Amino acid sequence: MKSWWWRGAGVVLLVYVAGVLALMWWWDYEPPHFDVAANAREVTGELGSASRAVTGSVTTAALITSAQTLLDKRGGYLSNDRLPPGVLMDNVPNWEFGVLTATRDLARALRNDLSRSQTQSVEDADLQEADPLFSSPNDRWLLPSSESQYRKAIGHLRAYLARLVGGGQGTAQFYARADNLADYLQVASARLGSLSQRLSAAAGQVRLDTTLAGDPHAQQSSATPPEQFVRTPWTKIDDNFYEARGYAWALREQLEAMRIDFAPILASKNATVSLEQIIRELEESQRALGSPVVLNGRPFGFFANHSLVMANYISRANAAMIDLRELLKRG
């Protein structure tokens, strides 16, 4: 009798493990790129027959869909899972965090800059609610959970978009100006710079202290050595890689949407091609990984180093973004 019990328990355990492994394989998935123009028509169409395409509708719709994808992709939102298989996975949660970072940045830019004509103007009520909701911890599973907070934020973005495309009294605004775009690109550039440094450290490198930028009168709170060896722990290499993938995926969608909403400004500054170059570099960073794991070979070694390849695309996108900001600042 006992032998049958142990056999039955073994079969159940085997089925459970097989099911967990199958779900891990099925959920280990990065959503594909979506067409921002078609997406804007679809999202605004859901708001009613009075909706129409206006300046800012494509960017707002792209933000909504990116955030919605974060929650409703295959397997759902995994960053706050406390049970298998989600708790055993780290690649997708790090991808989610990258997308969430880009989502938070654009939501804050909408609230502080893009929806306001000047610093003394009143904040949009829905964007004022959406920004802190997106800033909720990404791994909270107790009520209110991360998903519930982010869904509330998406609801406020939809309300803002409805007023934006609906017109009438109390309508929302989106100001497609060169200074607004340059301010947002500065935030994105800082994100890309940080990601590039973290990715490059996967192979290990000696870095010189450039914190004071050569200014003899500059000061800092505590002294740092003139040079130091920086290397990412092996447990964090794939984390940084997938976070960069997620951020680049979301940023690409946002910039493709801004290419449409800011088209007159970009054309007047002769900067459309510069933006397209950034988008192309981000697109290249989304190529399928031809290995079951993130390899970390030596920079000129026999095996590939996927982190350095990703850092190359991120750095090139950042360099093009710096050039674009300079074009936007010119009269």
# chains A, B, ... in the order shown; residues from 1 in each chain; ligands from 1

call {"tool": "select_by_dssp", "arguments": {"residues": "range 33-226 of chain A", "states": "strand (DSSP E)", "output": "list in words"}}
result
Gln205, Val206, Arg207 and Leu208 of chain A

call {"tool": "closest_atom_pairs", "arguments": {"of": "range 59-119 of chain A", "to": "range 228-250 of chain A", "cutoff": "12 Å", "atoms": "only C-alpha atoms", "output": "CSV"}}
result
residue,atom,partner,partner_atom,distance
A:Thr59,CA,A:Ala250,CA,11.6
A:Ala62,CA,A:Ala250,CA,8.9
A:Leu63,CA,A:Ala250,CA,8.4
A:Ile64,CA,A:Ala250,CA,11.0
A:Thr65,CA,A:Ala250,CA,9.9
A:Ser66,CA,A:Ala250,CA,6.5
A:Ala67,CA,A:Ala250,CA,9.0
A:Gln68,CA,A:Ala250,CA,11.6
A:Thr69,CA,A:Ala250,CA,10.1
A:Leu70,CA,A:Gly246,CA,9.8
A:Met89,CA,A:Asp239,CA,10.7
A:Asp90,CA,A:Asp239,CA,7.1
A:Asn91,CA,A:Tyr242,CA,5.9
A:Val92,CA,A:Tyr242,CA,7.3
A:Pro93,CA,A:Glu243,CA,8.3
A:Asn94,CA,A:Glu243,CA,4.8
A:Trp95,CA,A:Gly246,CA,4.3
A:Glu96,CA,A:Gly246,CA,6.2
A:Phe97,CA,A:Glu243,CA,6.2
A:Gly98,CA,A:Tyr247,CA,4.1
A:Val99,CA,A:Tyr247,CA,4.8
A:Leu100,CA,A:Tyr247,CA,7.7
A:Thr101,CA,A:Tyr247,CA,6.8
A:Ala102,CA,A:Tyr247,CA,5.8
A:Thr103,CA,A:Ala250,CA,7.4
A:Arg104,CA,A:Ala250,CA,10.8
A:Asp105,CA,A:Tyr247,CA,10.7
A:Leu106,CA,A:Ala250,CA,10.1

call {"tool": "write_last_selection", "arguments": {"atoms": "N, CA and C atoms", "output": "compact mmCIF listing (two decimals), in the first residue's frame"}}
result
# COMPACT_ATOMS: atom_id res chain seq x y z
N THR A 59 1.28 59.43 -29.46
CA THR A 59 2.20 59.21 -28.34
C THR A 59 1.46 58.69 -27.11
N ALA A 62 0.39 55.11 -27.69
CA ALA A 62 1.54 54.20 -27.59
C ALA A 62 1.90 53.94 -26.13
N LEU A 63 1.82 54.97 -25.30
CA LEU A 63 2.09 54.80 -23.88
C LEU A 63 1.06 53.87 -23.25
N ILE A 64 -0.20 54.04 -23.60
CA ILE A 64 -1.26 53.19 -23.05
C ILE A 64 -1.04 51.74 -23.45
N THR A 65 -0.76 51.50 -24.72
CA THR A 65 -0.59 50.13 -25.21
C THR A 65 0.66 49.47 -24.64
N SER A 66 1.74 50.22 -24.49
CA SER A 66 2.96 49.66 -23.89
C SER A 66 2.69 49.22 -22.45
N ALA A 67 1.99 50.07 -21.69
CA ALA A 67 1.67 49.72 -20.31
C ALA A 67 0.70 48.55 -20.26
N GLN A 68 -0.26 48.52 -21.19
CA GLN A 68 -1.22 47.42 -21.23
C GLN A 68 -0.52 46.12 -21.59
N THR A 69 0.42 46.17 -22.51
CA THR A 69 1.19 44.99 -22.89
C THR A 69 1.98 44.45 -21.71
N LEU A 70 2.50 45.35 -20.90
CA LEU A 70 3.25 44.95 -19.70
C LEU A 70 2.41 44.06 -18.79
N MET A 89 11.47 32.74 -12.36
CA MET A 89 11.92 33.39 -13.59
C MET A 89 12.46 34.78 -13.24
N ASP A 90 13.52 35.19 -13.93
CA ASP A 90 14.04 36.54 -13.71
C ASP A 90 14.21 37.34 -15.00
N ASN A 91 14.30 36.68 -16.15
CA ASN A 91 14.49 37.41 -17.39
C ASN A 91 13.29 38.30 -17.72
N VAL A 92 12.09 37.73 -17.68
CA VAL A 92 10.90 38.50 -17.99
C VAL A 92 10.65 39.61 -16.98
N PRO A 93 10.76 39.37 -15.67
CA PRO A 93 10.61 40.48 -14.72
C PRO A 93 11.58 41.63 -14.96
N ASN A 94 12.81 41.33 -15.35
CA ASN A 94 13.74 42.41 -15.65
C ASN A 94 13.36 43.13 -16.93
N TRP A 95 12.85 42.40 -17.91
CA TRP A 95 12.31 43.04 -19.12
C TRP A 95 11.15 43.95 -18.73
N GLU A 96 10.30 43.49 -17.86
CA GLU A 96 9.16 44.29 -17.41
C GLU A 96 9.62 45.57 -16.72
N PHE A 97 10.69 45.47 -15.92
CA PHE A 97 11.17 46.66 -15.23
C PHE A 97 11.71 47.69 -16.22
N GLY A 98 12.36 47.23 -17.29
CA GLY A 98 12.82 48.16 -18.32
C GLY A 98 11.66 48.88 -18.98
N VAL A 99 10.60 48.15 -19.32
CA VAL A 99 9.41 48.77 -19.91
C VAL A 99 8.77 49.73 -18.93
N LEU A 100 8.70 49.33 -17.67
CA LEU A 100 8.08 50.18 -16.66
C LEU A 100 8.86 51.48 -16.48
N THR A 101 10.18 51.41 -16.55
CA THR A 101 11.00 52.63 -16.42
C THR A 101 10.69 53.61 -17.53
N ALA A 102 10.61 53.13 -18.77
CA ALA A 102 10.27 54.00 -19.89
C ALA A 102 8.85 54.54 -19.76
N THR A 103 7.94 53.72 -19.26
CA THR A 103 6.56 54.15 -19.06
C THR A 103 6.48 55.25 -18.03
N ARG A 104 7.19 55.07 -16.91
CA ARG A 104 7.20 56.10 -15.86
C ARG A 104 7.76 57.42 -16.39
N ASP A 105 8.84 57.35 -17.18
CA ASP A 105 9.47 58.57 -17.68
C ASP A 105 8.53 59.35 -18.58
N LEU A 106 7.84 58.66 -19.49
CA LEU A 106 6.94 59.36 -20.41
C LEU A 106 5.70 59.87 -19.68

call {"tool": "atom_distance", "arguments": {"atom1": "CA of Phe134 in chain A", "atom2": "CA of Gln149 in chain A"}}
result
6.9 Å

call {"tool": "closest_residue", "arguments": {"among": "A:Glu276, A:Glu283, A:Asp179, A:Asp139", "to": "Glu326 in chain A", "atoms": "only C-alpha atoms"}}
result
A:Asp179

call {"tool": "residues_around", "arguments": {"residues": "range 13-27 of chain A", "least_positions_apart": "3", "cutoff": "9 Å", "atoms": "only C-alpha atoms", "output": "list in words"}}
result
Gly8, Ala9, Gly10, Glu30, Lys73, Arg74, Gly75, Gly76, Pro84, Pro85, Gly86, Leu88, Met89 and Val92 of chain A

call {"tool": "write_last_selection", "arguments": {"atoms": "all heavy atoms", "output": "PDB file, in the first residue's frame"}}
result
ATOM      1  N   GLY A   8       2.242   7.132  -6.511  1.00  0.00           N
ATOM      2  CA  GLY A   8       1.269   8.166  -6.871  1.00  0.00           C
ATOM      3  C   GLY A   8       1.796   9.566  -6.584  1.00  0.00           C
ATOM      4  O   GLY A   8       1.622  10.489  -7.400  1.00  0.00           O
ATOM      5  N   ALA A   9       2.442   9.740  -5.433  1.00  0.00           N
ATOM      6  CA  ALA A   9       3.015  11.045  -5.098  1.00  0.00           C
ATOM      7  C   ALA A   9       4.114  11.430  -6.081  1.00  0.00           C
ATOM      8  O   ALA A   9       4.236  12.603  -6.474  1.00  0.00           O
ATOM      9  CB  ALA A   9       3.561  11.015  -3.676  1.00  0.00           C
ATOM     10  N   GLY A  10       4.899  10.436  -6.510  1.00  0.00           N
ATOM     11  CA  GLY A  10       5.959  10.717  -7.475  1.00  0.00           C
ATOM     12  C   GLY A  10       5.405  11.150  -8.812  1.00  0.00           C
ATOM     13  O   GLY A  10       5.943  12.065  -9.456  1.00  0.00           O
ATOM     14  N   GLU A  30       9.003  37.800 -25.166  1.00  0.00           N
ATOM     15  CA  GLU A  30       9.018  39.252 -25.318  1.00  0.00           C
ATOM     16  C   GLU A  30       8.016  39.647 -26.394  1.00  0.00           C
ATOM     17  O   GLU A  30       8.096  39.173 -27.520  1.00  0.00           O
ATOM     18  CB  GLU A  30      10.416  39.736 -25.698  1.00  0.00           C
ATOM     19  CG  GLU A  30      11.477  39.438 -24.645  1.00  0.00           C
ATOM     20  CD  GLU A  30      12.860  39.841 -25.098  1.00  0.00           C
ATOM     21  OE1 GLU A  30      12.973  40.859 -25.827  1.00  0.00           O
ATOM     22  OE2 GLU A  30      13.830  39.144 -24.756  1.00  0.00           O
ATOM     23  N   LYS A  73       0.513  40.675 -21.441  1.00  0.00           N
ATOM     24  CA  LYS A  73       1.270  39.802 -22.329  1.00  0.00           C
ATOM     25  C   LYS A  73       1.128  38.348 -21.877  1.00  0.00           C
ATOM     26  O   LYS A  73       0.524  38.050 -20.845  1.00  0.00           O
ATOM     27  CB  LYS A  73       2.744  40.213 -22.332  1.00  0.00           C
ATOM     28  CG  LYS A  73       3.444  39.962 -21.017  1.00  0.00           C
ATOM     29  CD  LYS A  73       4.855  40.466 -21.045  1.00  0.00           C
ATOM     30  CE  LYS A  73       5.611  40.111 -19.786  1.00  0.00           C
ATOM     31  NZ  LYS A  73       4.923  40.439 -18.542  1.00  0.00           N
ATOM     32  N   ARG A  74       1.690  37.434 -22.635  1.00  0.00           N
ATOM     33  CA  ARG A  74       1.638  36.012 -22.292  1.00  0.00           C
ATOM     34  C   ARG A  74       2.219  35.774 -20.893  1.00  0.00           C
ATOM     35  O   ARG A  74       3.351  36.160 -20.608  1.00  0.00           O
ATOM     36  CB  ARG A  74       2.435  35.216 -23.323  1.00  0.00           C
ATOM     37  CG  ARG A  74       2.338  33.709 -23.160  1.00  0.00           C
ATOM     38  CD  ARG A  74       3.353  33.017 -24.062  1.00  0.00           C
ATOM     39  NE  ARG A  74       3.158  33.323 -25.469  1.00  0.00           N
ATOM     40  CZ  ARG A  74       4.020  32.968 -26.424  1.00  0.00           C
ATOM     41  NH1 ARG A  74       5.139  32.327 -26.108  1.00  0.00           N
ATOM     42  NH2 ARG A  74       3.769  33.278 -27.685  1.00  0.00           N
ATOM     43  N   GLY A  75       1.422  35.196 -20.016  1.00  0.00           N
ATOM     44  CA  GLY A  75       1.854  34.961 -18.643  1.00  0.00           C
ATOM     45  C   GLY A  75       1.499  36.080 -17.698  1.00  0.00           C
ATOM     46  O   GLY A  75       1.638  35.928 -16.479  1.00  0.00           O
ATOM     47  N   GLY A  76       1.043  37.229 -18.243  1.00  0.00           N
ATOM     48  CA  GLY A  76       0.688  38.350 -17.382  1.00  0.00           C
ATOM     49  C   GLY A  76       1.906  39.031 -16.798  1.00  0.00           C
ATOM     50  O   GLY A  76       3.028  38.898 -17.286  1.00  0.00           O
ATOM     51  N   PRO A  84       5.666  29.446  -8.067  1.00  0.00           N
ATOM     52  CA  PRO A  84       6.144  28.977  -9.361  1.00  0.00           C
ATOM     53  C   PRO A  84       5.012  29.044 -10.393  1.00  0.00           C
ATOM     54  O   PRO A  84       3.840  28.920 -10.029  1.00  0.00           O
ATOM     55  CB  PRO A  84       6.571  27.525  -9.085  1.00  0.00           C
ATOM     56  CG  PRO A  84       6.766  27.464  -7.600  1.00  0.00           C
ATOM     57  CD  PRO A  84       5.759  28.417  -7.032  1.00  0.00           C
ATOM     58  N   PRO A  85       5.340  29.236 -11.665  1.00  0.00           N
ATOM     59  CA  PRO A  85       6.707  29.373 -12.189  1.00  0.00           C
ATOM     60  C   PRO A  85       7.256  30.794 -12.162  1.00  0.00           C
ATOM     61  O   PRO A  85       8.438  30.993 -12.385  1.00  0.00           O
ATOM     62  CB  PRO A  85       6.556  28.883 -13.623  1.00  0.00           C
ATOM     63  CG  PRO A  85       5.171  29.271 -13.999  1.00  0.00           C
ATOM     64  CD  PRO A  85       4.338  29.110 -12.744  1.00  0.00           C
ATOM     65  N   GLY A  86       6.388  31.790 -11.902  1.00  0.00           N
ATOM     66  CA  GLY A  86       6.838  33.174 -11.983  1.00  0.00           C
ATOM     67  C   GLY A  86       7.985  33.497 -11.053  1.00  0.00           C
ATOM     68  O   GLY A  86       8.924  34.208 -11.429  1.00  0.00           O
ATOM     69  N   LEU A  88      10.333  31.693 -10.141  1.00  0.00           N
ATOM     70  CA  LEU A  88      11.567  31.057 -10.585  1.00  0.00           C
ATOM     71  C   LEU A  88      12.173  31.750 -11.809  1.00  0.00           C
ATOM     72  O   LEU A  88      13.267  31.394 -12.239  1.00  0.00           O
ATOM     73  CB  LEU A  88      11.302  29.586 -10.930  1.00  0.00           C
ATOM     74  CG  LEU A  88      10.712  28.728  -9.802  1.00  0.00           C
ATOM     75  CD1 LEU A  88      10.403  27.331 -10.312  1.00  0.00           C
ATOM     76  CD2 LEU A  88      11.670  28.673  -8.617  1.00  0.00           C
ATOM     77  N   MET A  89      11.471  32.736 -12.363  1.00  0.00           N
ATOM     78  CA  MET A  89      11.919  33.393 -13.587  1.00  0.00           C
ATOM     79  C   MET A  89      12.464  34.779 -13.242  1.00  0.00           C
ATOM     80  O   MET A  89      11.926  35.461 -12.374  1.00  0.00           O
ATOM     81  CB  MET A  89      10.750  33.502 -14.572  1.00  0.00           C
ATOM     82  CG  MET A  89      10.109  32.165 -14.916  1.00  0.00           C
ATOM     83  SD  MET A  89       8.612  32.320 -15.928  1.00  0.00           S
ATOM     84  CE  MET A  89       9.287  32.990 -17.447  1.00  0.00           C
ATOM     85  N   VAL A  92      12.094  37.727 -17.677  1.00  0.00           N
ATOM     86  CA  VAL A  92      10.896  38.498 -17.993  1.00  0.00           C
ATOM     87  C   VAL A  92      10.654  39.609 -16.979  1.00  0.00           C
ATOM     88  O   VAL A  92      10.350  40.744 -17.369  1.00  0.00           O
ATOM     89  CB  VAL A  92       9.670  37.570 -18.124  1.00  0.00           C
ATOM     90  CG1 VAL A  92       8.401  38.381 -18.342  1.00  0.00           C
ATOM     91  CG2 VAL A  92       9.866  36.590 -19.280  1.00  0.00           C
TER      92      VAL A  92
END

call {"tool": "closest_residue", "arguments": {"among": "A:Ala271, A:Ala40, A:Ile279, A:Ala320", "to": "Glu256 in chain A", "atoms": "only C-alpha atoms"}}
result
A:Ile279

call {"tool": "closest_residue", "arguments": {"among": "A:Leu110, A:Val11, A:Leu83, A:Leu324", "to": "Phe174 in chain A", "atoms": "only C-alpha atoms"}}
result
A:Leu110

call {"tool": "closest_atom_pairs", "arguments": {"of": "range 11-99 of chain A", "to": "range 153-168 of chain A", "cutoff": "8 Å", "atoms": "only C-alpha atoms", "output": "Markdown table"}}
result
| residue | atom | partner | partner_atom | distance |
| --- | --- | --- | --- | --- |
| A:Thr44 | CA | A:Ala162 | CA | 7.4 |
| A:Leu47 | CA | A:Ala162 | CA | 6.1 |
| A:Ala50 | CA | A:Gly166 | CA | 5.9 |
| A:Ser51 | CA | A:Gly166 | CA | 5.0 |
| A:Arg52 | CA | A:Val165 | CA | 5.3 |
| A:Ala53 | CA | A:Val165 | CA | 6.4 |
| A:Val54 | CA | A:Val165 | CA | 6.0 |
| A:Gly56 | CA | A:Leu164 | CA | 8.0 |
| A:Ser57 | CA | A:Leu161 | CA | 6.7 |
| A:Thr60 | CA | A:Leu161 | CA | 6.7 |
| A:Ala61 | CA | A:Leu161 | CA | 7.6 |
| A:Ile64 | CA | A:Ile154 | CA | 6.1 |
| A:Ala67 | CA | A:Ile154 | CA | 7.2 |
| A:Gln68 | CA | A:Ile154 | CA | 7.4 |

call {"tool": "atom_distance", "arguments": {"atom1": "CA of Phe262 in chain A", "atom2": "CA of Arg116 in chain A"}}
result
15.8 Å

call {"tool": "atom_distance", "arguments": {"atom1": "CA of Ala38 in chain A", "atom2": "CA of Ala257 in chain A"}}
result
10.6 Å

call {"tool": "residues_around", "arguments": {"residues": "Pro264 in chain A", "least_positions_apart": "5", "cutoff": "10 Å", "atoms": "only C-alpha atoms", "output": "number ranges by chain"}}
result
A: 176-178, 259, 269-270, 272

call {"tool": "residues_around", "arguments": {"residues": "Asn305 in chain A", "least_positions_apart": "6", "cutoff": "10 Å", "atoms": "only C-alpha atoms", "output": "list of chain:residue names"}}
result
A:Ser200, A:Ala202, A:Ala203, A:Val294, A:Leu295, A:Asn296, A:Gly297, A:Arg298, A:Pro299

call {"tool": "write_last_selection", "arguments": {"atoms": "N, CA and C atoms", "output": "PDB file, in the first residue's frame"}}
result
ATOM      1  N   SER A 200      28.371  47.341 -20.278  1.00  0.00           N
ATOM      2  CA  SER A 200      29.803  47.261 -20.589  1.00  0.00           C
ATOM      3  C   SER A 200      30.594  46.657 -19.450  1.00  0.00           C
ATOM      4  N   ALA A 202      29.935  44.142 -17.815  1.00  0.00           N
ATOM      5  CA  ALA A 202      29.802  42.682 -17.754  1.00  0.00           C
ATOM      6  C   ALA A 202      31.143  41.997 -18.002  1.00  0.00           C
ATOM      7  N   ALA A 203      31.952  42.579 -18.888  1.00  0.00           N
ATOM      8  CA  ALA A 203      33.255  41.991 -19.204  1.00  0.00           C
ATOM      9  C   ALA A 203      34.350  42.484 -18.273  1.00  0.00           C
ATOM     10  N   VAL A 294      22.406  34.164 -21.898  1.00  0.00           N
ATOM     11  CA  VAL A 294      23.169  35.363 -22.227  1.00  0.00           C
ATOM     12  C   VAL A 294      24.649  35.056 -22.026  1.00  0.00           C
ATOM     13  N   LEU A 295      25.384  34.981 -23.117  1.00  0.00           N
ATOM     14  CA  LEU A 295      26.809  34.646 -23.045  1.00  0.00           C
ATOM     15  C   LEU A 295      27.625  35.854 -22.607  1.00  0.00           C
ATOM     16  N   ASN A 296      28.718  35.587 -21.915  1.00  0.00           N
ATOM     17  CA  ASN A 296      29.558  36.664 -21.389  1.00  0.00           C
ATOM     18  C   ASN A 296      31.026  36.349 -21.655  1.00  0.00           C
ATOM     19  N   GLY A 297      31.345  36.132 -22.922  1.00  0.00           N
ATOM     20  CA  GLY A 297      32.726  35.854 -23.291  1.00  0.00           C
ATOM     21  C   GLY A 297      33.607  37.084 -23.183  1.00  0.00           C
ATOM     22  N   ARG A 298      34.908  36.874 -23.309  1.00  0.00           N
ATOM     23  CA  ARG A 298      35.834  37.999 -23.273  1.00  0.00           C
ATOM     24  C   ARG A 298      35.610  38.894 -24.483  1.00  0.00           C
ATOM     25  N   PRO A 299      35.931  40.190 -24.374  1.00  0.00           N
ATOM     26  CA  PRO A 299      35.650  41.122 -25.473  1.00  0.00           C
ATOM     27  C   PRO A 299      36.157  40.650 -26.832  1.00  0.00           C
TER      28      PRO A 299
END

call {"tool": "select_by_dssp", "arguments": {"residues": "range 187-241 of chain A", "states": "helix (DSSP H, G or I)", "output": "list in words"}}
result
Val187, Ala188, Ser189, Ala190, Arg191, Leu192, Gly193, Ser194, Leu195, Ser196, Gln197, Arg198, Leu199, Ser200, Trp234, Thr235, Lys236, Ile237, Asp238, Asp239, Asn240 and Phe241 of chain A
